[in-house]
Amino acid sequence: MTIERIKQVFSSSASHRFTILHGEGLEDIFVNQKLQELTFEEAIYEELKRQRFERVVFYSPHRSIFFFDEKSADLSRLSGVSPKAKSSPAELSMGPLQEVKVFRGQAVQVEGPRRGIGDVHALRMLDKILRETSAGQAAVVFLQAETSLRFFEDLRTLAGLVGDWSRLPSTNPNRVYFAFSVDDFAGLSSIANEIAIPELRSAILRKTTQPTQAFHIKKIGTPELDEIQRITALVQKRTGLTIVEVEFDHICHRMVNEGRQARFWMRKLVEIQRLDWETVRQLGWFTAIKDSLTSVWERLDNLVGLEAVKLRIREIAAWLKIARQRGDFESENADFPNLHMIFTGNPGTGKTTAARLFGELFFELGLLKRGHLVEVRASDLIAEHVGGTAIKTNGVVDRALDGVLFIDEAYALVEDERGGFGREAVDTLLTRLEDDRRRLVVIAAGYPEKMEHFRQANPGLARRFPAENIIFFADFSANELWTILRQFLEAKSIPLSPEFEPVLRDVVIELHRRKDAAFGNAGEMRNLAEALDQKRAFRIANSAGEAHPELLVEDLPATYQYLLAKPNLTSSQVFLQDLDRLTGLAQVKQRLSELAQRVEFEYTRYMLTGGKSRRPALQHLLFTGKPGTGKTSVARLVGQFYKNLGLLRKGHCIEVSRADLVAGYVGQTAMKTMEKIRSALDGVLFIDEAYALDRGADNDFGAEAIDVLVKAMEDYRDRLLVIAAGYPREMKNFVRRNPGLQSRFGPPLVFEDFTADELAQIFSQALIDEGYELSDEILVKAREYLLEEKNQENERFGNARSALRLADLVKTRLAQRVLPQAAGLDQSAIISLMNIVQLEDVPGKAQAE
């Protein structure tokens with residue numbers, strides 16, 4: 001007559017003197033194989049007798065000591081027991097326990113109120129029972145231990161004797177069970193400090209589910225499958241409940257997965273006349289698993305996108321089937337498969353849905369008894385006080401046992417701002433991963449780079465979450481998002497008008513194109529569907545006549561209407577005009593003109609065909625040339641061009657060099673590089689002297705920065721445009737040594753040195769833009785000065801920078817000349833002197849540095 005949730009108490013506690021019991025089951029009812037409804041004490045009594053305990057003794061706050069059978073009372077050496085006939089009570093007539101009445105089939109109780117037996121007498125009896133070994137194995141069960149142990153008359157004696165019991169010889173087979181009426185370990189831990197018995201208090205607070213030599217902690221949970229079936233049979237016997245046999249097993253499994261008490265299911269079953277799937281679905285019985293009778297594989301196939309994830313799930317399922325056939329799941333096999341996983345990807349990419357499917361898959365394969373999903377964030381595991389984090393973490397794990405624990409944003413556990421509390425949660429979690437590896441699957445989720453940092457933060461995490469158990473969830477494509485939105489609308493029975501459908505599709509395409517790191521993927525589509533539903537409902541409610549039930553263009557909320565703006569068809573013209581304002585750069589202008597026109601053509605075609613044609617990719621660029629040849633200025637214009645066209649949301653330009661990307665310690669370079677990449681998203685990352693990243697040394701961290709950069713160029717191919725710049729020869733060697741870069745850049749745009757005339761033009765334009773007046777003679781002298789400087793400096797010549805530096809020098813000389821002359825002049829005369837550059841303000845000869 002085994003009840004599984006009671007039997008499991010004894011599966012691993014046989015060698016421990018004390019077992020601490022807690023869980024929802026202690027306040028529940030139980031149904032045995034004879035379809036008898038039992039209380040907890042009756043159920044554990046049955047199991048203790050089945051485990052061959054000769055003497056089973058109970059203690060409770062209001063009943064003191066009592067037994068369920070005469071034999072236990074007799075073997076416990078109660079003085080004066082005189083057995084009577086089966087129908088008559090046996091009476092104890094001597095000693096402090098006189099007038100104990102023994103009824104066959106009922107509890108045998110010491111009637112304290114009449115004779116005044118107190119806790120001290122009861123404790124002495126229990127001490128004698130536990131020390132005696134010749135009368136057969138004894139079990140003492142303290143019911144409502146949180147009350148019994150707190151309000152005991154003589155706590156000092158109780159604490160002393162429990163300490164003595166913990167030191168009884170190992171040959172003593174007697175056992176003690178403390179039953180606490182709390183639902184989970186968190187509740188147990190919260191009352192631990194109120195327990196006056198040091199050994200018991202320490203065992204709970206130390207806990208950890210790792211048992212001590214003397215103490216073991218077990219949870220009595222909700223009914224397993226066999227008991228659920230007996231509960232249903234009992235209700236059928238009582239009420240004549242009709243059961244649809246073909247659906248019965250499926251419903252019973254779902255009842256188990258819910259993790260509800262037997263009392264709950266008894267009430268639910270009594271309320272219905274027919275047990276079938278449609279009935280229980282309409283009544284909303286199930287929350288742990290919400291799907292219908294369709295199989296895991298059908299629901300997996302019905303998911304939008306996620307093709308790589310689906311393939312990975314099928315691979316894991318095939319592996320597990322082979323492992324099961326090989327016997328890897330047998331209890332005696334220590335080589336149990338490691339099923340803990342990491343899901344990486346942005347929000348709304350289906351990670352939680354996949355975790356739920358994994359739970360059901362493991363349930364079907366027999367790896368998990370329930371397969372339910374417990375979903376938490378890292379913050380749900382962390383407390384704000386010392387010792388509280390282990391309690392919270394263990395409480396969460398207890399709820400997830402026999403199922404899947406899904407920890408979203410798990411990387412927060414190892415972030416520095418969490419201090420020691422995050423590490424405490426990790427340590428507690430690692431202990432449970434080992435202790436409960438046959439009853440628990442943990443899936444940690446978060447952004448890819450942060451989850452890799454999570455794995456490396458603790459060697460235990462890297463071992464229990466191996467690289468092969470990492471599954472990446474890519475962002476949904478625009479077409480997949482459109483399908484998801486349609487599903488949300490269909491679920492709400494909201495039709496689309498033919499006029500609005502292409503408009504709404506454009507909105508989805510544009511949302512996808514403008515996505516950033518916070519983009520919620522399917523979550524964004526849910527929000528859009530709800531916003532449309534609200535606008536439509538308001539229109540219908542305020543319509544004077546018969547309202548149109550279909551979604552109309554006017555139902556699009558204002559917060560989404562900006563997405564309908566058409567591309568700027570003059571973007572390339574504006575870009576080329578901006579280029580023309582730059583001095584020189586004829587070859588660069590020609591190449592960029594061709595690129596701009598092609599990109600604008602492809603993007604316009606893409607938008608006008610509703611996304612059916614190929615969207616133009618962002619073209620990463622190589623700029624080669626000496627310093628001061630206009631590379632940075634052109635990079636800024638390229639960013640603005642892509643922004644005006646609508647291919648980049650911001651179009652800003654982030655300028656970096658090696659020092660901004662490379663750190664001096666292992667692991668820091670990747671983080672430093674990603675920080676700059678994130679700041680450049682939706683714009684341009686301009687890397688000056690990019691060749692400096694590759695110094696060729698084995699211990700150089702620049703190679704790490706290159707690896708991160710190459711990956712980011714792929715991961716953010718619609719949000720990041722990279723322009724790498726430097727000297728021609730060095731850039732050629734740099735790209736050739738890094739194949740990942742070579743395949744992502746086209747031919748370089750060569751920025752030639754400015755001619756002497758172009759340098760003079762840059763010089764004059766800088767002064768004219770500030771309102772200065774220059775004569776032709778000044779331009780000739782400036783041209784000669786710059787040409788002489790170029791000949792002197794050679795490779796070090798700064799081109800436009802040298803011209804601008806000359807303009808600054810001229811302003812300095814002009815100031816030195818004019819200010820002494822300004823005394824006594826009126827304002828107009830002073831302004832005239834300040835605005836006119838004289839020939840003497842231009843140096844006559846460049847000074848070599």
# chains A, B, ... in the order shown; residues from 1 in each chain; ligands from 1
>>> residues_around(residues="range 612-624 of chain A", least_positions_apart="3", cutoff="6 Å", atoms="only C-alpha atoms", output="PyMOL selection string")
chain A and resi 602-603+606+609+721-728+745+748-751
>>> residues_around(residues="Leu741 in chain A", least_positions_apart="4", cutoff="9 Å", atoms="only C-alpha atoms", output="ChimeraX atom specification")
/A:706,709-710,734-737,745
>>> atom_distance(atom1="CA of Thr812 in chain A", atom2="CA of Glu758 in chain A")
22.6 Å
>>> residues_around(residues="Glu777 in chain A", least_positions_apart="6", cutoff="10 Å", atoms="only C-alpha atoms", output="tab-separated table (two decimals) with C-alpha atoms, in the first residue's frame")
chain	number	residue	atom	x	y	z
A	783	ARG	CA	50.66	77.52	-51.05
A	838	GLN	CA	47.95	90.82	-44.52
A	839	LEU	CA	50.82	89.17	-46.37
>>> atom_distance(atom1="CA of Thr19 in chain A", atom2="CA of Glu227 in chain A")
23.3 Å
>>> atom_distance(atom1="CA of His253 in chain A", atom2="CA of Ile228 in chain A")
8.6 Å
>>> residues_around(residues="Leu200 in chain A", least_positions_apart="5", cutoff="9 Å", atoms="only C-alpha atoms", output="number ranges by chain")
A: 18, 20, 162, 192, 195, 205, 215
>>> select_by_dssp(residues="range 609-761 of chain A", states="strand (DSSP E)", output="MDAnalysis selection string")
chainID A and resid 621:625 653:656 683:687 720:726 749:751
>>> write_last_selection(atoms="N, CA and C atoms", output="mmCIF file, in the first residue's frame")
data_model
loop_
_atom_site.group_PDB
_atom_site.id
_atom_site.type_symbol
_atom_site.label_atom_id
_atom_site.label_comp_id
_atom_site.auth_asym_id
_atom_site.auth_seq_id
_atom_site.Cartn_x
_atom_site.Cartn_y
_atom_site.Cartn_z
ATOM 1 N N LEU A 621 33.533 49.605 -45.007
ATOM 2 C CA LEU A 621 34.462 50.297 -45.907
ATOM 3 C C LEU A 621 35.871 50.323 -45.334
ATOM 4 N N LEU A 622 36.831 50.293 -46.259
ATOM 5 C CA LEU A 622 38.242 50.487 -45.934
ATOM 6 C C LEU A 622 38.681 51.828 -46.505
ATOM 7 N N PHE A 623 39.198 52.711 -45.657
ATOM 8 C CA PHE A 623 39.752 53.990 -46.095
ATOM 9 C C PHE A 623 41.258 53.920 -45.910
ATOM 10 N N THR A 624 42.017 54.116 -46.980
ATOM 11 C CA THR A 624 43.471 54.120 -46.861
ATOM 12 C C THR A 624 44.010 55.471 -47.293
ATOM 13 N N GLY A 625 44.971 55.940 -46.567
ATOM 14 C CA GLY A 625 45.580 57.231 -46.875
ATOM 15 C C GLY A 625 46.309 57.769 -45.664
ATOM 16 N N CYS A 653 28.662 58.778 -35.715
ATOM 17 C CA CYS A 653 29.990 58.192 -35.980
ATOM 18 C C CYS A 653 30.783 58.149 -34.675
ATOM 19 N N ILE A 654 31.161 56.944 -34.267
ATOM 20 C CA ILE A 654 31.989 56.745 -33.075
ATOM 21 C C ILE A 654 33.420 56.487 -33.540
ATOM 22 N N GLU A 655 34.329 57.365 -33.153
ATOM 23 C CA GLU A 655 35.720 57.277 -33.606
ATOM 24 C C GLU A 655 36.568 56.635 -32.509
ATOM 25 N N VAL A 656 37.275 55.559 -32.870
ATOM 26 C CA VAL A 656 38.091 54.836 -31.896
ATOM 27 C C VAL A 656 39.445 54.504 -32.494
ATOM 28 N N GLY A 683 24.775 53.195 -36.210
ATOM 29 C CA GLY A 683 25.612 54.234 -36.786
ATOM 30 C C GLY A 683 26.897 53.640 -37.329
ATOM 31 N N VAL A 684 27.953 54.444 -37.300
ATOM 32 C CA VAL A 684 29.250 54.070 -37.884
ATOM 33 C C VAL A 684 30.289 53.934 -36.779
ATOM 34 N N LEU A 685 31.057 52.835 -36.833
ATOM 35 C CA LEU A 685 32.231 52.668 -35.975
ATOM 36 C C LEU A 685 33.456 52.932 -36.848
ATOM 37 N N PHE A 686 34.138 54.043 -36.598
ATOM 38 C CA PHE A 686 35.306 54.440 -37.389
ATOM 39 C C PHE A 686 36.564 54.101 -36.596
ATOM 40 N N ILE A 687 37.353 53.148 -37.102
ATOM 41 C CA ILE A 687 38.555 52.685 -36.407
ATOM 42 C C ILE A 687 39.774 53.272 -37.108
ATOM 43 N N LEU A 720 25.121 48.058 -37.820
ATOM 44 C CA LEU A 720 26.475 48.570 -37.606
ATOM 45 C C LEU A 720 27.242 48.639 -38.916
ATOM 46 N N LEU A 721 27.796 49.813 -39.215
ATOM 47 C CA LEU A 721 28.658 49.983 -40.377
ATOM 48 C C LEU A 721 30.057 50.293 -39.854
ATOM 49 N N VAL A 722 31.016 49.469 -40.225
ATOM 50 C CA VAL A 722 32.392 49.621 -39.750
ATOM 51 C C VAL A 722 33.247 50.218 -40.865
ATOM 52 N N ILE A 723 33.984 51.263 -40.526
ATOM 53 C CA ILE A 723 34.956 51.856 -41.447
ATOM 54 C C ILE A 723 36.318 51.783 -40.769
ATOM 55 N N ALA A 724 37.242 51.039 -41.390
ATOM 56 C CA ALA A 724 38.598 50.891 -40.868
ATOM 57 C C ALA A 724 39.533 51.744 -41.715
ATOM 58 N N ALA A 725 40.400 52.496 -41.052
ATOM 59 C CA ALA A 725 41.241 53.444 -41.777
ATOM 60 C C ALA A 725 42.693 53.328 -41.334
ATOM 61 N N GLY A 726 43.610 53.721 -42.251
ATOM 62 C CA GLY A 726 45.023 53.722 -41.925
ATOM 63 C C GLY A 726 45.881 53.885 -43.164
ATOM 64 N N LEU A 749 39.017 52.437 -50.404
ATOM 65 C CA LEU A 749 38.896 53.769 -50.987
ATOM 66 C C LEU A 749 40.164 54.522 -50.644
ATOM 67 N N VAL A 750 40.910 54.916 -51.654
ATOM 68 C CA VAL A 750 42.226 55.512 -51.460
ATOM 69 C C VAL A 750 42.091 57.031 -51.367
ATOM 70 N N PHE A 751 42.532 57.577 -50.255
ATOM 71 C CA PHE A 751 42.524 59.024 -50.040
ATOM 72 C C PHE A 751 43.932 59.549 -50.359
#
>>> residues_around(residues="range 489-506 of chain A", least_positions_apart="6", cutoff="10 Å", atoms="only C-alpha atoms", output="ChimeraX atom specification")
/A:478-479,481-483,512,525-526,528-530,532-533,536,548-556,560-561,563-566,607-608,610-611
>>> residues_around(residues="Ala457 in chain A", least_positions_apart="5", cutoff="9 Å", atoms="only C-alpha atoms", output="ChimeraX atom specification")
/A:414,452,462
>>> select_by_dssp(residues="range 422-543 of chain A", states="alpha helix (DSSP H)", output="JSON, numbers by chain")
{"A": [422, 423, 424, 425, 426, 427, 428, 429, 430, 431, 432, 433, 434, 435, 448, 449, 450, 451, 452, 453, 454, 455, 456, 459, 460, 461, 462, 463, 464, 478, 479, 480, 481, 482, 483, 484, 485, 486, 487, 488, 489, 490, 491, 500, 501, 502, 503, 504, 505, 506, 507, 508, 509, 510, 511, 512, 513, 522, 523, 524, 525, 526, 527, 528, 529, 530, 531, 532, 533, 534, 535, 536, 537, 538, 539, 540, 541]}
>>> residues_around(residues="Leu143 in chain A", least_positions_apart="2", cutoff="9 Å", atoms="only C-alpha atoms", output="JSON, numbers by chain")
{"A": [41, 58, 59, 60, 61, 141, 145, 146, 147, 148, 177, 178, 179, 180, 181]}
>>> closest_residue(among="A:Ala586, A:Gln534, A:Ile484, A:Glu770", to="Asn302 in chain A", atoms="only C-alpha atoms")
A:Ile484
>>> closest_residue(among="A:Gln36, A:Gln577, A:Ser477, A:Asn469", to="Arg238 in chain A", atoms="only C-alpha atoms")
A:Gln36
>>> closest_residue(among="A:Leu275, A:Ile6, A:Met674, A:Ile471", to="Glu46 in chain A", atoms="only C-alpha atoms")
A:Ile6
